[in-house]
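A short write-up of the structure that comes next.
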Amino acid sequence: MKRTFSLIAAAFAALMLLPGCGSSPKSGAPAASGSSFDEIVASRRSVRDYQAGTTITEAEVRALIATTQEAPTWANSQTTRYYVAMSEDKVAAIKEHIGAGNARNTANAPVMIVSTFVKGQAGFGRGEQVNEVGDGWGAYDNGLSNAYLILKAREQGFDTLIMGMRESDALRQILGIPQTEQVMAVISLGKRASDPRRPDRKPIDEIVKFF
């Protein structure tokens, strides 16, 4: 009997070492190599407190952007564009135009990314809106792209905050964004200095209907 129990205990311990098994990692810990998708999603937070002195390389940001290119888009139109501020002067300039609250929340974030989409393409055919949503499809595709970005960032051990409060005209001037593009979000990129609480989610039956 003791031998049987020992074998069962050993088998359970081995199972707990498999990817995706056992308890989820602390949300503040970087996603380990080989982390499951669910573990990455569970550890992601909207971070408003960043570690000072964090360094992020251009190669790491390029990996984020490359991942966003795998997101689906309307008729493969790929209208999302990214403007990445990494130099101290550009980062500081952007933080002056995202509101005082967001500037405090991202004070130590070393990278600021502005996402846009090219107007009049996603949701259009031969220059005409395909349905009533129009450029809303460009915004939809931009959101999908940004979702890929923030999850890839978490896989890399980084954290993000998507911000809608921003002065688009000022950002256009700072980054040379043309009027043919709609400025959407500003996304901070860095490493969390503290572990944010996970807000409660609505019950799933409140957001879905099956037929």
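By order of appearance in the structure tokens: chains A, B, ..., then residues from 1 within every chain, and ligands from 1 in the order shown.
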Query raised in the report: Excluding same-chain residues fewer than 5 positions from Ala147 of chain A, what lies within 9 Å of it counting only C-alpha atoms, as a list in words?
Result: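 Near neighbours after the sequence-gap exclusion: Thr68, Ala71, Asn142 and Lys152 of chain A.
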Requested in this report: Considering only C-alpha atoms, return as a PyMOL selection string whatever protein or nucleic-acid residues lie within 7 Å of segment 184-195 of chain A, sequence-local ones (same chain, fewer than 2 positions apart) excluded.
Outcome: chain A and resi 27-28+47+49-51+54+106+109-116+158-164+182+197
Query raised in the report: What is the atom CA of Leu149 of chain A-atom CA of Asp205 of chain A distance in Å, reported with one decimal?
Result: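 Taking atom CA of Leu149 of chain A as the start and atom CA of Asp205 of chain A as the end point, the length is 28.2 Å.
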Query raised in the report: With only C-alpha atoms as the atoms that count, which of A:Ala122, A:Ala100, A:Ala107, A:Val91 lies nearest to Gln78 of chain A?
Result: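 With only C-alpha atoms as the atom set, the closest residue is A:Ala122.
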Report task. Using only C-alpha atoms, pick whichever of A:Ile65, A:Val133, A:Val183, A:Ile204 has the shortest atom-to-atom distance to Leu171 of chain A. Result ->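 Smallest separation from Leu171 of chain A among the options: A:Val183.
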Query raised in the report: Restricting the calculation to only C-alpha atoms, which member of A:Thr57, A:Thr67, A:Gln129, A:Asn105 is positioned closest to Ala85 of chain A?
Result: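 With only C-alpha atoms as the atom set, the closest residue is A:Thr57.
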Query raised in the report: Pick the closest to Gln156 of chain A from A:Ile174, A:Leu64, A:Val41, A:Ala103: which is it, counting only C-alpha atoms?
Result: A:Leu64
Query raised in the report: From the list A:Arg81, A:Lys202, A:Leu151, A:Ser87, which residue is nearest Ala139 of chain A when using only C-alpha atoms?
Result: A:Arg81
Query - Backbone DSSP call of strand (DSSP E) for chain A, listed as JSON, numbers by chain - result: {"A": [80, 81, 82, 83, 84, 85, 111, 112, 113, 114, 115, 116, 117, 118, 124, 125, 128, 129, 159, 160, 161, 162, 163, 181, 182, 183, 184, 185, 186, 187, 188, 189, 190]}
Let me see the file: selected residues, N, CA and C atoms, as a short mmCIF file (atom, residue, chain, number, x, y, z; two decimals), in the first residue's frame.
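Result file follows (part.cif):
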data_model
loop_
_atom_site.label_atom_id
_atom_site.label_comp_id
_atom_site.auth_asym_id
_atom_site.auth_seq_id
_atom_site.Cartn_x
_atom_site.Cartn_y
_atom_site.Cartn_z
N THR A 80 -2.66 48.70 -39.99
CA THR A 80 -2.09 49.22 -38.74
C THR A 80 -0.65 49.69 -38.94
N ARG A 81 -0.31 50.81 -38.31
CA ARG A 81 1.05 51.35 -38.34
C ARG A 81 1.49 51.62 -36.91
N TYR A 82 2.79 51.51 -36.66
CA TYR A 82 3.34 51.76 -35.31
C TYR A 82 4.46 52.79 -35.38
N TYR A 83 4.44 53.71 -34.42
CA TYR A 83 5.47 54.73 -34.27
C TYR A 83 6.08 54.51 -32.89
N VAL A 84 7.35 54.10 -32.87
CA VAL A 84 7.99 53.67 -31.62
C VAL A 84 8.99 54.72 -31.15
N ALA A 85 8.72 55.29 -29.99
CA ALA A 85 9.64 56.26 -29.38
C ALA A 85 10.51 55.54 -28.38
N VAL A 111 9.80 52.93 -23.24
CA VAL A 111 9.36 52.94 -24.64
C VAL A 111 7.89 53.33 -24.70
N MET A 112 7.57 54.19 -25.66
CA MET A 112 6.18 54.58 -25.91
C MET A 112 5.87 54.31 -27.38
N ILE A 113 4.75 53.63 -27.61
CA ILE A 113 4.37 53.23 -28.97
C ILE A 113 3.02 53.84 -29.31
N VAL A 114 2.95 54.49 -30.45
CA VAL A 114 1.68 55.05 -30.94
C VAL A 114 1.19 54.17 -32.07
N SER A 115 -0.05 53.69 -31.96
CA SER A 115 -0.63 52.86 -33.02
C SER A 115 -1.64 53.66 -33.81
N THR A 116 -1.63 53.47 -35.12
CA THR A 116 -2.56 54.15 -36.02
C THR A 116 -3.08 53.14 -37.04
N PHE A 117 -4.07 53.56 -37.83
CA PHE A 117 -4.43 52.76 -39.00
C PHE A 117 -4.69 53.68 -40.18
N VAL A 118 -4.42 53.17 -41.37
CA VAL A 118 -4.64 53.93 -42.60
C VAL A 118 -6.15 53.97 -42.88
N PHE A 124 -13.63 48.91 -46.73
CA PHE A 124 -13.95 49.61 -47.97
C PHE A 124 -13.66 48.73 -49.18
N GLY A 125 -14.39 48.94 -50.23
CA GLY A 125 -14.16 48.26 -51.50
C GLY A 125 -14.39 49.24 -52.64
N GLU A 128 -15.59 52.67 -51.55
CA GLU A 128 -16.88 52.82 -50.89
C GLU A 128 -16.96 51.92 -49.66
N GLN A 129 -17.68 52.40 -48.61
CA GLN A 129 -17.90 51.58 -47.43
C GLN A 129 -18.65 50.31 -47.82
N ASP A 159 5.74 44.62 -19.78
CA ASP A 159 4.36 44.99 -19.44
C ASP A 159 3.94 46.22 -20.23
N THR A 160 2.64 46.42 -20.30
CA THR A 160 2.09 47.46 -21.16
C THR A 160 0.90 48.16 -20.52
N LEU A 161 0.58 49.32 -21.06
CA LEU A 161 -0.65 50.04 -20.73
C LEU A 161 -1.15 50.69 -22.02
N ILE A 162 -2.37 50.34 -22.42
CA ILE A 162 -2.98 50.94 -23.62
C ILE A 162 -3.75 52.17 -23.18
N MET A 163 -3.44 53.32 -23.78
CA MET A 163 -4.04 54.59 -23.38
C MET A 163 -4.79 55.25 -24.54
N GLU A 181 -3.78 58.73 -41.76
CA GLU A 181 -3.85 57.72 -40.71
C GLU A 181 -4.62 58.25 -39.51
N GLN A 182 -5.41 57.37 -38.89
CA GLN A 182 -6.14 57.70 -37.67
C GLN A 182 -5.31 57.30 -36.47
N VAL A 183 -5.00 58.26 -35.61
CA VAL A 183 -4.28 57.94 -34.38
C VAL A 183 -5.23 57.22 -33.43
N MET A 184 -4.80 56.07 -32.93
CA MET A 184 -5.63 55.31 -32.01
C MET A 184 -5.05 55.35 -30.59
N ALA A 185 -4.24 54.37 -30.24
CA ALA A 185 -3.77 54.26 -28.86
C ALA A 185 -2.30 54.63 -28.72
N VAL A 186 -1.95 54.99 -27.49
CA VAL A 186 -0.55 55.08 -27.08
C VAL A 186 -0.32 53.92 -26.12
N ILE A 187 0.75 53.15 -26.34
CA ILE A 187 1.03 51.97 -25.54
C ILE A 187 2.40 52.12 -24.88
N SER A 188 2.42 52.10 -23.56
CA SER A 188 3.70 52.13 -22.85
C SER A 188 4.26 50.72 -22.77
N LEU A 189 5.59 50.64 -22.73
CA LEU A 189 6.27 49.34 -22.68
C LEU A 189 7.40 49.42 -21.66
N GLY A 190 7.40 48.50 -20.72
CA GLY A 190 8.44 48.46 -19.69
C GLY A 190 8.28 47.23 -18.83
#
